[in-house]
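What follows is the content of data_5.cif (mmCIF, C-alpha atoms).
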```
data_protein
#
loop_
_atom_site.group_PDB
_atom_site.id
_atom_site.type_symbol
_atom_site.label_atom_id
_atom_site.label_comp_id
_atom_site.auth_asym_id
_atom_site.auth_seq_id
_atom_site.Cartn_x
_atom_site.Cartn_y
_atom_site.Cartn_z
ATOM 1 C CA MET A 1 36.526 34.816 0.119
ATOM 2 C CA ALA A 2 35.176 31.872 -1.822
ATOM 3 C CA GLU A 3 34.442 30.045 1.449
ATOM 4 C CA GLU A 4 32.408 32.999 2.689
ATOM 5 C CA THR A 5 30.184 32.986 -0.364
ATOM 6 C CA THR A 6 29.508 29.204 -0.370
ATOM 7 C CA ALA A 7 28.823 28.749 3.356
ATOM 8 C CA PRO A 8 25.032 28.696 4.047
ATOM 9 C CA ALA A 9 23.643 31.470 6.190
ATOM 10 C CA PRO A 10 22.531 30.431 9.712
ATOM 11 C CA VAL A 11 18.959 31.601 9.024
ATOM 12 C CA SER A 12 18.789 29.479 5.878
ATOM 13 C CA ARG A 13 20.168 26.445 7.718
ATOM 14 C CA ALA A 14 17.595 26.833 10.496
ATOM 15 C CA ARG A 15 14.832 27.107 7.910
ATOM 16 C CA ASP A 16 16.089 23.966 6.155
ATOM 17 C CA SER A 17 16.199 22.094 9.444
ATOM 18 C CA LYS A 18 12.616 23.117 10.240
ATOM 19 C CA HIS A 19 11.551 22.154 6.731
ATOM 20 C CA ASP A 20 13.138 18.708 7.125
ATOM 21 C CA THR A 21 11.436 18.180 10.478
ATOM 22 C CA ILE A 22 8.058 19.051 8.978
ATOM 23 C CA ALA A 23 8.754 16.701 6.053
ATOM 24 C CA LEU A 24 9.602 13.904 8.498
ATOM 25 C CA LEU A 25 6.382 14.526 10.425
ATOM 26 C CA VAL A 26 4.402 14.441 7.180
ATOM 27 C CA GLY A 27 6.056 11.131 6.242
ATOM 28 C CA ALA A 28 5.362 9.674 9.696
ATOM 29 C CA ALA A 29 1.731 10.822 9.526
ATOM 30 C CA GLY A 30 1.412 9.213 6.095
ATOM 31 C CA TRP A 31 2.718 5.951 7.486
ATOM 32 C CA LEU A 32 0.511 6.019 10.598
ATOM 33 C CA VAL A 33 -2.727 6.836 8.766
ATOM 34 C CA PRO A 34 -2.639 6.010 5.048
ATOM 35 C CA GLY A 35 -3.178 9.174 3.013
ATOM 36 C CA LEU A 36 -2.753 11.577 5.935
ATOM 37 C CA GLY A 37 0.671 12.704 4.690
ATOM 38 C CA HIS A 38 -0.783 13.774 1.355
ATOM 39 C CA ALA A 39 -3.835 15.289 3.055
ATOM 40 C CA LEU A 40 -1.545 17.513 5.153
ATOM 41 C CA LEU A 41 -0.001 18.718 1.884
ATOM 42 C CA LYS A 42 -3.503 19.320 0.480
ATOM 43 C CA MET A 43 -3.024 16.648 -2.199
ATOM 44 C CA TRP A 44 -6.596 15.458 -1.728
ATOM 45 C CA GLY A 45 -6.841 13.075 -4.690
ATOM 46 C CA ARG A 46 -3.694 11.214 -3.741
ATOM 47 C CA ALA A 47 -4.715 11.185 -0.069
ATOM 48 C CA ILE A 48 -8.069 9.563 -0.848
ATOM 49 C CA ILE A 49 -6.508 7.065 -3.246
ATOM 50 C CA CYS A 50 -3.846 6.038 -0.697
ATOM 51 C CA PHE A 51 -6.444 5.610 2.046
ATOM 52 C CA VAL A 52 -8.839 3.636 -0.162
ATOM 53 C CA THR A 53 -6.072 1.483 -1.701
ATOM 54 C CA VAL A 54 -4.559 0.447 1.623
ATOM 55 C CA GLY A 55 -8.046 0.030 3.097
ATOM 56 C CA VAL A 56 -9.266 -2.217 0.275
ATOM 57 C CA LEU A 57 -6.076 -4.310 0.255
ATOM 58 C CA VAL A 58 -6.227 -4.809 4.030
ATOM 59 C CA TRP A 59 -9.961 -5.542 3.957
ATOM 60 C CA VAL A 60 -9.700 -8.072 1.124
ATOM 61 C CA GLY A 61 -6.490 -9.588 2.568
ATOM 62 C CA ALA A 62 -8.091 -10.062 5.967
ATOM 63 C CA GLY A 63 -11.307 -11.312 4.336
ATOM 64 C CA MET A 64 -9.296 -13.986 2.525
ATOM 65 C CA ARG A 65 -7.783 -14.916 5.893
ATOM 66 C CA GLY A 66 -4.251 -13.967 4.952
ATOM 67 C CA ASN A 67 -1.429 -14.385 7.441
ATOM 68 C CA LEU A 68 -0.793 -11.238 9.440
ATOM 69 C CA PHE A 69 2.743 -11.629 10.786
ATOM 70 C CA THR A 70 3.643 -10.821 14.377
ATOM 71 C CA SER A 71 6.910 -9.834 16.036
ATOM 72 C CA ARG A 72 7.356 -13.447 17.180
ATOM 73 C CA GLY A 73 8.529 -14.689 13.788
ATOM 74 C CA ASN A 74 10.447 -17.930 13.363
ATOM 75 C CA ASP A 75 12.729 -16.895 10.503
ATOM 76 C CA ALA A 76 13.883 -13.979 8.360
ATOM 77 C CA PHE A 77 10.886 -14.278 6.036
ATOM 78 C CA ASP A 78 8.484 -13.927 8.963
ATOM 79 C CA SER A 79 10.389 -10.841 10.097
ATOM 80 C CA LEU A 80 10.261 -9.356 6.597
ATOM 81 C CA GLY A 81 6.544 -10.106 6.470
ATOM 82 C CA TYR A 82 6.093 -8.394 9.822
ATOM 83 C CA ILE A 83 7.920 -5.294 8.579
ATOM 84 C CA ALA A 84 5.759 -5.271 5.426
ATOM 85 C CA ASP A 85 2.562 -5.670 7.468
ATOM 86 C CA LEU A 86 3.630 -2.948 9.897
ATOM 87 C CA GLY A 87 3.891 -0.654 6.871
ATOM 88 C CA THR A 88 0.106 -0.315 6.955
ATOM 89 C CA GLY A 89 0.471 1.736 10.151
ATOM 90 C CA SER A 90 -2.752 1.875 12.132
ATOM 91 C CA PHE A 91 -4.425 -0.421 9.607
ATOM 92 C CA TYR A 92 -2.351 -3.259 11.081
ATOM 93 C CA LEU A 93 -4.635 -3.119 14.107
ATOM 94 C CA VAL A 94 -7.688 -2.925 11.848
ATOM 95 C CA ALA A 95 -6.529 -6.072 10.032
ATOM 96 C CA ARG A 96 -6.049 -7.793 13.401
ATOM 97 C CA SER A 97 -9.591 -6.874 14.405
ATOM 98 C CA LEU A 98 -11.007 -8.034 11.074
ATOM 99 C CA GLU A 99 -9.348 -11.442 11.263
ATOM 100 C CA THR A 100 -11.584 -12.775 13.998
ATOM 101 C CA ASN A 101 -11.046 -16.405 12.941
ATOM 102 C CA GLY A 102 -7.287 -16.079 12.468
ATOM 103 C CA PRO A 103 -5.325 -16.775 9.295
ATOM 104 C CA ASP A 104 -5.845 -19.844 7.134
ATOM 105 C CA VAL A 105 -3.097 -20.412 4.586
ATOM 106 C CA SER A 106 -4.004 -24.033 3.910
ATOM 107 C CA HIS A 107 -5.897 -22.780 0.820
ATOM 108 C CA ALA A 108 -4.745 -20.537 -2.013
ATOM 109 C CA ASP A 109 -7.141 -17.822 -0.770
ATOM 110 C CA GLY A 110 -5.254 -17.411 2.478
ATOM 111 C CA ASP A 111 -1.945 -17.284 0.643
ATOM 112 C CA TYR A 112 -3.286 -14.562 -1.645
ATOM 113 C CA GLY A 113 -4.601 -12.718 1.393
ATOM 114 C CA THR A 114 -1.095 -12.735 2.876
ATOM 115 C CA ARG A 115 0.206 -11.055 -0.320
ATOM 116 C CA PHE A 116 -2.619 -8.503 -0.249
ATOM 117 C CA LEU A 117 -1.730 -7.531 3.332
ATOM 118 C CA ALA A 118 1.997 -7.307 2.591
ATOM 119 C CA THR A 119 1.335 -5.255 -0.546
ATOM 120 C CA ALA A 120 -0.842 -2.861 1.450
ATOM 121 C CA GLY A 121 2.045 -2.280 3.844
ATOM 122 C CA VAL A 122 4.711 -1.825 1.184
ATOM 123 C CA PHE A 123 2.442 0.459 -0.830
ATOM 124 C CA ASN A 124 1.744 2.590 2.243
ATOM 125 C CA LEU A 125 5.477 2.914 2.913
ATOM 126 C CA LEU A 126 5.941 4.018 -0.699
ATOM 127 C CA ALA A 127 3.123 6.556 -0.344
ATOM 128 C CA ALA A 128 4.592 7.871 2.925
ATOM 129 C CA LEU A 129 7.979 8.264 1.221
ATOM 130 C CA HIS A 130 6.245 10.091 -1.643
ATOM 131 C CA ALA A 131 4.576 12.464 0.819
ATOM 132 C CA TYR A 132 7.924 13.022 2.560
ATOM 133 C CA GLU A 133 9.616 13.884 -0.730
ATOM 134 C CA ALA A 134 6.768 16.199 -1.705
ATOM 135 C CA ALA A 135 7.003 17.956 1.675
ATOM 136 C CA ARG A 136 10.723 18.471 1.119
ATOM 137 C CA GLY A 137 9.872 20.242 -2.103
ATOM 138 C CA CYS A 138 11.076 17.552 -4.466
ATOM 139 C CA LYS A 139 9.038 17.035 -7.602
ATOM 140 C CA ALA A 140 6.229 14.598 -6.898
ATOM 141 C CA MET B 1 -16.046 -1.910 21.822
ATOM 142 C CA THR B 2 -18.832 -1.024 19.421
ATOM 143 C CA ALA B 3 -16.216 -0.304 16.756
ATOM 144 C CA LEU B 4 -14.664 -3.741 17.253
ATOM 145 C CA ARG B 5 -18.089 -5.390 17.017
ATOM 146 C CA THR B 6 -18.738 -3.467 13.797
ATOM 147 C CA MET B 7 -15.408 -4.672 12.420
ATOM 148 C CA GLY B 8 -16.342 -8.228 13.363
ATOM 149 C CA PHE B 9 -19.590 -7.771 11.439
ATOM 150 C CA PHE B 10 -17.636 -6.600 8.384
ATOM 151 C CA ALA B 11 -15.244 -9.529 8.730
ATOM 152 C CA VAL B 12 -18.146 -11.982 8.724
ATOM 153 C CA MET B 13 -19.770 -10.142 5.840
ATOM 154 C CA LEU B 14 -16.483 -10.335 3.938
ATOM 155 C CA ALA B 15 -15.860 -14.062 4.151
ATOM 156 C CA LEU B 16 -14.342 -13.870 0.701
ATOM 157 C CA GLN B 17 -14.243 -16.820 -1.651
ATOM 158 C CA LEU B 18 -12.499 -15.445 -4.725
ATOM 159 C CA SER B 19 -11.176 -17.337 -7.693
ATOM 160 C CA HIS B 20 -7.527 -16.852 -8.666
ATOM 161 C CA PHE B 21 -8.535 -14.641 -11.571
ATOM 162 C CA GLN B 22 -10.877 -12.486 -9.464
ATOM 163 C CA ALA B 23 -8.111 -11.952 -6.907
ATOM 164 C CA LEU B 24 -5.712 -11.039 -9.715
ATOM 165 C CA VAL B 25 -8.174 -8.537 -11.216
ATOM 166 C CA ILE B 26 -8.932 -6.849 -7.862
ATOM 167 C CA PHE B 27 -5.227 -6.595 -7.088
ATOM 168 C CA ALA B 28 -4.375 -5.269 -10.567
ATOM 169 C CA VAL B 29 -7.151 -2.647 -10.589
ATOM 170 C CA VAL B 30 -6.404 -1.313 -7.097
ATOM 171 C CA ILE B 31 -2.639 -1.133 -7.575
ATOM 172 C CA SER B 32 -2.869 0.319 -11.103
ATOM 173 C CA VAL B 33 -5.142 3.142 -9.958
ATOM 174 C CA ALA B 34 -2.914 3.847 -6.951
ATOM 175 C CA PHE B 35 0.267 3.903 -9.040
ATOM 176 C CA GLY B 36 -1.427 6.097 -11.634
ATOM 177 C CA PHE B 37 -2.372 8.695 -9.015
ATOM 178 C CA LEU B 38 1.006 8.603 -7.280
ATOM 179 C CA GLY B 39 3.123 8.564 -10.414
ATOM 180 C CA ARG B 40 1.363 11.001 -12.749
ATOM 181 C CA ARG B 41 -0.147 14.462 -12.332
ATOM 182 C CA GLN B 42 -2.227 15.166 -15.414
ATOM 183 C CA PRO B 43 -5.600 13.341 -15.662
ATOM 184 C CA LYS B 44 -4.955 12.199 -19.231
ATOM 185 C CA GLU B 45 -1.490 10.881 -18.358
ATOM 186 C CA ARG B 46 -2.926 9.174 -15.295
ATOM 187 C CA LEU B 47 -5.597 7.404 -17.303
ATOM 188 C CA LYS B 48 -3.073 6.216 -19.869
ATOM 189 C CA TYR B 49 -0.723 5.003 -17.135
ATOM 190 C CA ILE B 50 -3.540 3.231 -15.251
ATOM 191 C CA LEU B 51 -4.780 1.429 -18.361
ATOM 192 C CA TRP B 52 -1.286 0.447 -19.462
ATOM 193 C CA THR B 53 -0.312 -0.832 -15.986
ATOM 194 C CA LEU B 54 -3.592 -2.728 -15.670
ATOM 195 C CA PHE B 55 -3.097 -4.329 -19.082
ATOM 196 C CA LEU B 56 0.468 -5.392 -18.205
ATOM 197 C CA PHE B 57 -0.582 -6.743 -14.785
ATOM 198 C CA LEU B 58 -3.264 -8.913 -16.385
ATOM 199 C CA LEU B 59 -1.133 -9.970 -19.361
ATOM 200 C CA ILE B 60 1.877 -10.961 -17.262
ATOM 201 C CA GLY B 61 -0.298 -12.589 -14.567
ATOM 202 C CA VAL B 62 -2.228 -14.717 -17.053
ATOM 203 C CA GLY B 63 1.002 -15.377 -18.993
ATOM 204 C CA ILE B 64 2.783 -16.696 -15.898
ATOM 205 C CA GLY B 65 -0.314 -18.768 -15.106
ATOM 206 C CA TRP B 66 -0.198 -20.431 -18.519
ATOM 207 C CA ALA B 67 3.588 -20.873 -18.295
ATOM 208 C CA MET B 68 3.090 -22.872 -15.068
ATOM 209 C CA TYR B 69 0.215 -24.935 -16.512
ATOM 210 C CA PRO B 70 2.366 -27.810 -17.911
ATOM 211 C CA PHE B 71 3.967 -28.325 -14.480
ATOM 212 C CA SER B 72 0.625 -28.581 -12.664
ATOM 213 C CA HIS B 73 -0.130 -32.082 -14.018
#
```
Any chance you could give the structure as structure tokens?
Amino acid sequence: MAEETTAPAPVSRARDSKHDTIALLVGAAGWLVPGLGHALLKMWGRAIICFVTVGVLVWVGAGMRGNLFTSRGNDAFDSLGYIADLGTGSFYLVARSLETNGPDVSHADGDYGTRFLATAGVFNLLAALHAYEAARGCKA
Amino acid sequence: MTALRTMGFFAVMLALQLSHFQALVIFAVVISVAFGFLGRRQPKERLKYILWTLFLFLLIGVGIGWAMYPFSH
């Protein structure tokens, strides 16, 4: 009898599965376009802040000629940098377009720019995770 | 194509030459505001969180800078 009362109903399980899928889509949207995940949840303030933050960090990072890592990295740090940069989603391509003269890390500016770009990516991943959690109904 | 040309224009326009401190301040302001909005809900709490985070970013950044100063000579 106890098993009957604790087992979830099929309707509830199906609803949970649908809910999780929607949450995943929201998280993916938030990663692809910074702020879109929150916008889909009608969290307008957070959506704008995420978009502007990632945009400013990418713009300044590219303006300082930071290193934008590619998939052809030489070591583990390059690969980690690539993963961090990919975190910006579509803004990775924007950063590529902005860096018309390529990176220049021979000066401190370029090194800072590299950190700005990596931070933009990691922050966007954090924001996407936040949107995912909010879509799942967790307190956010 | 036009979009790419526009981006190129912005890239040229944004040939940034920032000092270390300016870069630190821009970074601290942007990240503090973002963390404040993501981490807190109420406007008053957000403002407090943003100001506190900004203060700590600047304090620790400048502190680490001074801590490295003796080794730069």
Review point. If the PyMOL selection byres ((chain A) within 8 of (chain B)) is run on the structure shown, which residues does it catch, given as a ChimeraX atom specification?
Key: /A:45-46,49-50,53,56-57,60,62-64,94,97-100,109,112,116,127,130,140
Practice item. Tell me, in Å to one decimal, how far atom CA of Arg15 of chain A is from atom CA of Arg136 of chain A. Key: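 It comes out at 11.7 Å.
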Practice item. Decode the PyMOL selection byres ((chain A and resi 125) around 10) for the given file into explicit residues and return them as a list in words. Key: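 Here the PyMOL selection byres ((chain A and resi 125) around 10) matches Gly27, Ala28, Gly30, Trp31, Leu32, Pro34, Ala84, Leu86, Gly87, Thr88, Gly89, Thr119, Ala120, Gly121, Val122, Phe123, Asn124, Leu126, Ala127, Ala128, Leu129, His130 and Ala131 of chain A.
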Review point. Distance atom CA of Leu93 of chain A-atom CA of Trp44 of chain A, one decimal place?
Key: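 The value is 24.5 Å.
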Please report, as AutoDock Vina command-line options, the centre and edge lengths in Å to one decimal of an axis-aligned box covering all listed atoms of segment 29-44 of chain B with 6 Å per side.
```
--center_x -2.0 --center_y 6.3 --center_z -13.1 --size_x 22.3 --size_y 29.8 --size_z 24.3
```
Practice item. Name the closest residue to Gly37 of chain A among the candidates A:Asp85, A:Gly66, A:Ala134, A:Leu80; distances are taken between atoms, counting all atoms listed in the file. Key: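 Nearest to Gly37 of chain A: A:Ala134.
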Check your understanding: At what distance in Å, to one decimal, does atom CA of Leu36 of chain A lie from atom CA of Val25 of chain B?
Key -> 27.0 Å
**Study point:** Pick from A:Thr21, A:Asn67, A:Asn74, A:Ser79 nearest to Asp111 of chain A, counting only C-alpha atoms
**Key:**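 The shortest atom-to-atom distance to Asp111 of chain A comes from A:Asn67.
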Check your understanding: Do you know which residues the PyMOL selection byres ((chain B and resi 50) around 8) returns on this file, as a PyMOL selection string?
Key -> chain B and resi 32-33+35-36+46-49+51-54
Is there a way to complete segment 18-29 of chain B with all heavy atoms and then write that out as a short mmCIF file (atom, residue, chain, number, x, y, z; two decimals), in the frame of the given file?
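Saved to selection01.cif:
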```cif
data_model
loop_
_atom_site.label_atom_id
_atom_site.label_comp_id
_atom_site.auth_asym_id
_atom_site.auth_seq_id
_atom_site.Cartn_x
_atom_site.Cartn_y
_atom_site.Cartn_z
N LEU B 18 -12.80 -15.95 -3.39
CA LEU B 18 -12.50 -15.44 -4.72
C LEU B 18 -11.74 -16.49 -5.53
O LEU B 18 -10.96 -17.26 -4.96
CB LEU B 18 -11.64 -14.18 -4.63
CG LEU B 18 -12.23 -12.96 -3.92
CD1 LEU B 18 -11.18 -11.88 -3.79
CD2 LEU B 18 -13.43 -12.43 -4.67
N SER B 19 -11.98 -16.48 -6.83
CA SER B 19 -11.18 -17.34 -7.69
C SER B 19 -9.82 -16.67 -7.89
O SER B 19 -9.65 -15.48 -7.56
CB SER B 19 -11.87 -17.52 -9.04
OG SER B 19 -11.83 -16.31 -9.77
N HIS B 20 -8.86 -17.42 -8.45
CA HIS B 20 -7.53 -16.85 -8.67
C HIS B 20 -7.61 -15.62 -9.57
O HIS B 20 -6.96 -14.61 -9.32
CB HIS B 20 -6.62 -17.89 -9.32
CG HIS B 20 -6.32 -19.05 -8.42
ND1 HIS B 20 -5.21 -19.84 -8.58
CD2 HIS B 20 -6.97 -19.56 -7.36
CE1 HIS B 20 -5.20 -20.77 -7.66
NE2 HIS B 20 -6.26 -20.62 -6.92
N PHE B 21 -8.44 -15.74 -10.61
CA PHE B 21 -8.54 -14.64 -11.57
C PHE B 21 -9.19 -13.41 -10.95
O PHE B 21 -8.74 -12.28 -11.18
CB PHE B 21 -9.30 -15.08 -12.82
CG PHE B 21 -9.29 -14.05 -13.91
CD1 PHE B 21 -8.11 -13.76 -14.59
CD2 PHE B 21 -10.44 -13.35 -14.25
CE1 PHE B 21 -8.08 -12.79 -15.59
CE2 PHE B 21 -10.42 -12.39 -15.24
CZ PHE B 21 -9.24 -12.11 -15.92
N GLN B 22 -10.22 -13.62 -10.14
CA GLN B 22 -10.88 -12.49 -9.46
C GLN B 22 -9.89 -11.77 -8.53
O GLN B 22 -9.85 -10.53 -8.50
CB GLN B 22 -12.08 -12.97 -8.66
CG GLN B 22 -13.29 -13.33 -9.53
CD GLN B 22 -14.36 -14.05 -8.74
OE1 GLN B 22 -14.08 -14.70 -7.74
NE2 GLN B 22 -15.59 -13.95 -9.21
N ALA B 23 -9.11 -12.56 -7.80
CA ALA B 23 -8.11 -11.95 -6.91
C ALA B 23 -7.09 -11.15 -7.71
O ALA B 23 -6.71 -10.04 -7.35
CB ALA B 23 -7.41 -13.04 -6.09
N LEU B 24 -6.68 -11.72 -8.85
CA LEU B 24 -5.71 -11.04 -9.72
C LEU B 24 -6.28 -9.71 -10.23
O LEU B 24 -5.60 -8.69 -10.22
CB LEU B 24 -5.34 -11.95 -10.89
CG LEU B 24 -4.55 -11.31 -12.04
CD1 LEU B 24 -3.14 -10.97 -11.59
CD2 LEU B 24 -4.49 -12.23 -13.24
N VAL B 25 -7.55 -9.75 -10.66
CA VAL B 25 -8.17 -8.54 -11.22
C VAL B 25 -8.32 -7.46 -10.14
O VAL B 25 -7.99 -6.29 -10.38
CB VAL B 25 -9.55 -8.87 -11.85
CG1 VAL B 25 -10.29 -7.60 -12.22
CG2 VAL B 25 -9.36 -9.72 -13.10
N ILE B 26 -8.78 -7.83 -8.95
CA ILE B 26 -8.93 -6.85 -7.86
C ILE B 26 -7.58 -6.22 -7.55
O ILE B 26 -7.43 -5.00 -7.46
CB ILE B 26 -9.53 -7.50 -6.60
CG1 ILE B 26 -10.99 -7.87 -6.84
CG2 ILE B 26 -9.42 -6.58 -5.39
CD1 ILE B 26 -11.63 -8.64 -5.70
N PHE B 27 -6.57 -7.07 -7.40
CA PHE B 27 -5.23 -6.60 -7.09
C PHE B 27 -4.73 -5.64 -8.18
O PHE B 27 -4.23 -4.54 -7.89
CB PHE B 27 -4.29 -7.79 -6.96
CG PHE B 27 -2.89 -7.45 -6.52
CD1 PHE B 27 -2.57 -7.39 -5.18
CD2 PHE B 27 -1.91 -7.18 -7.45
CE1 PHE B 27 -1.30 -7.06 -4.76
CE2 PHE B 27 -0.62 -6.85 -7.05
CZ PHE B 27 -0.32 -6.80 -5.70
N ALA B 28 -4.89 -6.07 -9.44
CA ALA B 28 -4.38 -5.27 -10.57
C ALA B 28 -5.08 -3.91 -10.66
O ALA B 28 -4.42 -2.89 -10.85
CB ALA B 28 -4.55 -6.05 -11.87
N VAL B 29 -6.40 -3.91 -10.49
CA VAL B 29 -7.15 -2.65 -10.59
C VAL B 29 -6.72 -1.69 -9.48
O VAL B 29 -6.40 -0.51 -9.74
CB VAL B 29 -8.67 -2.92 -10.53
CG1 VAL B 29 -9.44 -1.63 -10.34
CG2 VAL B 29 -9.14 -3.62 -11.79
#
```
